[in-house]
>>> print(open('final.pdb').read())   # PDB, N, CA and C atoms
ATOM      1  N   MET A   1      19.863 -26.094   1.604
ATOM      2  CA  MET A   1      19.609 -24.666   1.748
ATOM      3  C   MET A   1      18.107 -24.425   1.623
ATOM      4  N   THR A   2      17.571 -23.587   2.484
ATOM      5  CA  THR A   2      16.136 -23.312   2.505
ATOM      6  C   THR A   2      15.817 -22.151   1.575
ATOM      7  N   ASP A   3      14.769 -22.324   0.801
ATOM      8  CA  ASP A   3      14.328 -21.227  -0.061
ATOM      9  C   ASP A   3      13.570 -20.205   0.774
ATOM     10  N   ILE A   4      13.982 -18.981   0.684
ATOM     11  CA  ILE A   4      13.313 -17.891   1.391
ATOM     12  C   ILE A   4      12.458 -17.154   0.366
ATOM     13  N   PRO A   5      11.140 -17.041   0.635
ATOM     14  CA  PRO A   5      10.281 -16.359  -0.341
ATOM     15  C   PRO A   5      10.650 -14.885  -0.474
ATOM     16  N   ALA A   6      10.501 -14.374  -1.660
ATOM     17  CA  ALA A   6      10.769 -12.960  -1.906
ATOM     18  C   ALA A   6       9.709 -12.131  -1.183
ATOM     19  N   PRO A   7      10.098 -10.981  -0.666
ATOM     20  CA  PRO A   7       9.104 -10.139   0.005
ATOM     21  C   PRO A   7       8.060  -9.632  -0.987
ATOM     22  N   ALA A   8       6.848  -9.461  -0.499
ATOM     23  CA  ALA A   8       5.769  -8.939  -1.348
ATOM     24  C   ALA A   8       6.049  -7.467  -1.645
ATOM     25  N   PRO A   9       5.614  -7.006  -2.798
ATOM     26  CA  PRO A   9       5.742  -5.567  -3.071
ATOM     27  C   PRO A   9       5.038  -4.760  -1.972
ATOM     28  N   ALA A  10       5.520  -3.570  -1.742
ATOM     29  CA  ALA A  10       5.004  -2.746  -0.643
ATOM     30  C   ALA A  10       3.494  -2.566  -0.700
ATOM     31  N   ALA A  11       2.956  -2.300  -1.868
ATOM     32  CA  ALA A  11       1.507  -2.077  -1.970
ATOM     33  C   ALA A  11       0.737  -3.307  -1.519
ATOM     34  N   GLU A  12       1.175  -4.484  -1.908
ATOM     35  CA  GLU A  12       0.496  -5.711  -1.495
ATOM     36  C   GLU A  12       0.584  -5.900   0.020
ATOM     37  N   PHE A  13       1.755  -5.614   0.572
ATOM     38  CA  PHE A  13       1.933  -5.743   2.019
ATOM     39  C   PHE A  13       0.942  -4.861   2.769
ATOM     40  N   TRP A  14       0.876  -3.579   2.388
ATOM     41  CA  TRP A  14       0.013  -2.651   3.125
ATOM     42  C   TRP A  14      -1.466  -2.926   2.881
ATOM     43  N   GLU A  15      -1.825  -3.333   1.678
ATOM     44  CA  GLU A  15      -3.227  -3.704   1.423
ATOM     45  C   GLU A  15      -3.634  -4.853   2.340
ATOM     46  N   ALA A  16      -2.787  -5.869   2.448
ATOM     47  CA  ALA A  16      -3.092  -7.012   3.308
ATOM     48  C   ALA A  16      -3.111  -6.582   4.772
ATOM     49  N   ARG A  17      -2.197  -5.721   5.167
ATOM     50  CA  ARG A  17      -2.100  -5.266   6.564
ATOM     51  C   ARG A  17      -3.401  -4.633   7.020
ATOM     52  N   TYR A  18      -3.941  -3.731   6.235
ATOM     53  CA  TYR A  18      -5.155  -3.029   6.643
ATOM     54  C   TYR A  18      -6.417  -3.838   6.341
ATOM     55  N   ARG A  19      -6.389  -4.686   5.352
ATOM     56  CA  ARG A  19      -7.543  -5.521   5.029
ATOM     57  C   ARG A  19      -7.753  -6.572   6.109
ATOM     58  N   ASP A  20      -6.689  -7.177   6.602
ATOM     59  CA  ASP A  20      -6.796  -8.313   7.505
ATOM     60  C   ASP A  20      -6.847  -7.929   8.987
ATOM     61  N   ALA A  21      -6.531  -6.703   9.333
ATOM     62  CA  ALA A  21      -6.389  -6.323  10.730
ATOM     63  C   ALA A  21      -7.661  -5.761  11.352
ATOM     64  N   GLY A  22      -8.708  -5.579  10.601
ATOM     65  CA  GLY A  22      -9.869  -4.910  11.157
ATOM     66  C   GLY A  22      -9.583  -3.427  11.312
ATOM     67  N   ARG A  23     -10.312  -2.781  12.168
ATOM     68  CA  ARG A  23     -10.120  -1.343  12.353
ATOM     69  C   ARG A  23      -8.813  -1.082  13.099
ATOM     70  N   VAL A  24      -7.943  -0.298  12.495
ATOM     71  CA  VAL A  24      -6.637  -0.029  13.088
ATOM     72  C   VAL A  24      -6.667   1.276  13.882
ATOM     73  N   TRP A  25      -7.403   2.249  13.411
ATOM     74  CA  TRP A  25      -7.430   3.571  14.034
ATOM     75  C   TRP A  25      -8.766   3.797  14.733
ATOM     76  N   SER A  26      -8.793   4.703  15.695
ATOM     77  CA  SER A  26     -10.007   4.988  16.461
ATOM     78  C   SER A  26     -11.023   5.771  15.643
ATOM     79  N   GLY A  27     -10.553   6.528  14.648
ATOM     80  CA  GLY A  27     -11.449   7.390  13.884
ATOM     81  C   GLY A  27     -11.572   8.778  14.488
ATOM     82  N   ARG A  28     -11.016   8.966  15.673
ATOM     83  CA  ARG A  28     -11.056  10.280  16.320
ATOM     84  C   ARG A  28      -9.776  11.045  15.995
ATOM     85  N   PRO A  29      -9.880  12.356  15.706
ATOM     86  CA  PRO A  29      -8.666  13.125  15.417
ATOM     87  C   PRO A  29      -7.821  13.305  16.674
ATOM     88  N   ASN A  30      -6.522  13.405  16.488
ATOM     89  CA  ASN A  30      -5.591  13.663  17.569
ATOM     90  C   ASN A  30      -5.822  15.089  18.066
ATOM     91  N   GLU A  31      -6.106  15.243  19.365
ATOM     92  CA  GLU A  31      -6.447  16.558  19.915
ATOM     93  C   GLU A  31      -5.323  17.582  19.743
ATOM     94  N   LEU A  32      -4.082  17.172  19.948
ATOM     95  CA  LEU A  32      -2.959  18.085  19.793
ATOM     96  C   LEU A  32      -2.831  18.544  18.345
ATOM     97  N   LEU A  33      -2.993  17.623  17.412
ATOM     98  CA  LEU A  33      -2.929  17.982  15.996
ATOM     99  C   LEU A  33      -4.034  18.970  15.647
ATOM    100  N   VAL A  34      -5.252  18.721  16.106
ATOM    101  CA  VAL A  34      -6.366  19.634  15.836
ATOM    102  C   VAL A  34      -6.064  21.016  16.398
ATOM    103  N   HIS A  35      -5.512  21.051  17.618
ATOM    104  CA  HIS A  35      -5.183  22.339  18.241
ATOM    105  C   HIS A  35      -4.141  23.093  17.437
ATOM    106  N   GLU A  36      -3.083  22.405  17.043
ATOM    107  CA  GLU A  36      -1.967  23.043  16.364
ATOM    108  C   GLU A  36      -2.263  23.387  14.898
ATOM    109  N   ALA A  37      -3.039  22.558  14.220
ATOM    110  CA  ALA A  37      -3.235  22.745  12.781
ATOM    111  C   ALA A  37      -4.663  23.162  12.426
ATOM    112  N   GLY A  38      -5.484  23.364  13.407
ATOM    113  CA  GLY A  38      -6.894  23.672  13.159
ATOM    114  C   GLY A  38      -7.151  24.902  12.312
ATOM    115  N   ASP A  39      -6.293  25.904  12.406
ATOM    116  CA  ASP A  39      -6.491  27.147  11.653
ATOM    117  C   ASP A  39      -5.848  27.134  10.260
ATOM    118  N   LEU A  40      -5.197  26.080   9.919
ATOM    119  CA  LEU A  40      -4.515  26.035   8.615
ATOM    120  C   LEU A  40      -5.501  25.868   7.483
TER     121      LEU A  40
END
>>> encode(input="final.pdb", output="structure tokens")
Amino acid sequence: MTDIPAPAPAAEFWEARYRDAGRVWSGRPNELLVHEAGDL
């Protein structure tokens, strides 16, 4: 039987995801969101 490693806690998973992937987002706001929520 093969040992399956336990999944990493969520915080560790997401820290590694964004740390290792480089820039994930463009940095530009979504135009539709700005239009709809701009006055809030």
>>> atom_distance(input="final.pdb", atom1="atom CA of A:Pro5", atom2="atom CA of A:Val24")
27.1 Å
>>> atom_distance(input="final.pdb", atom1="atom CA of A:Gly27", atom2="atom N of A:Ala8")
28.7 Å
>>> axis_aligned_box(input="final.pdb", around="stretch 25-30 of chain A", padding_each_side="3 Å", output="AutoDock Vina command-line options")
--center_x -8.6 --center_y 8.7 --center_z 15.7 --size_x 12.0 --size_y 18.8 --size_z 10.7
>>> atom_distance(input="final.pdb", atom1="atom N of A:Ala21", atom2="atom C of A:Ile4")
23.5 Å
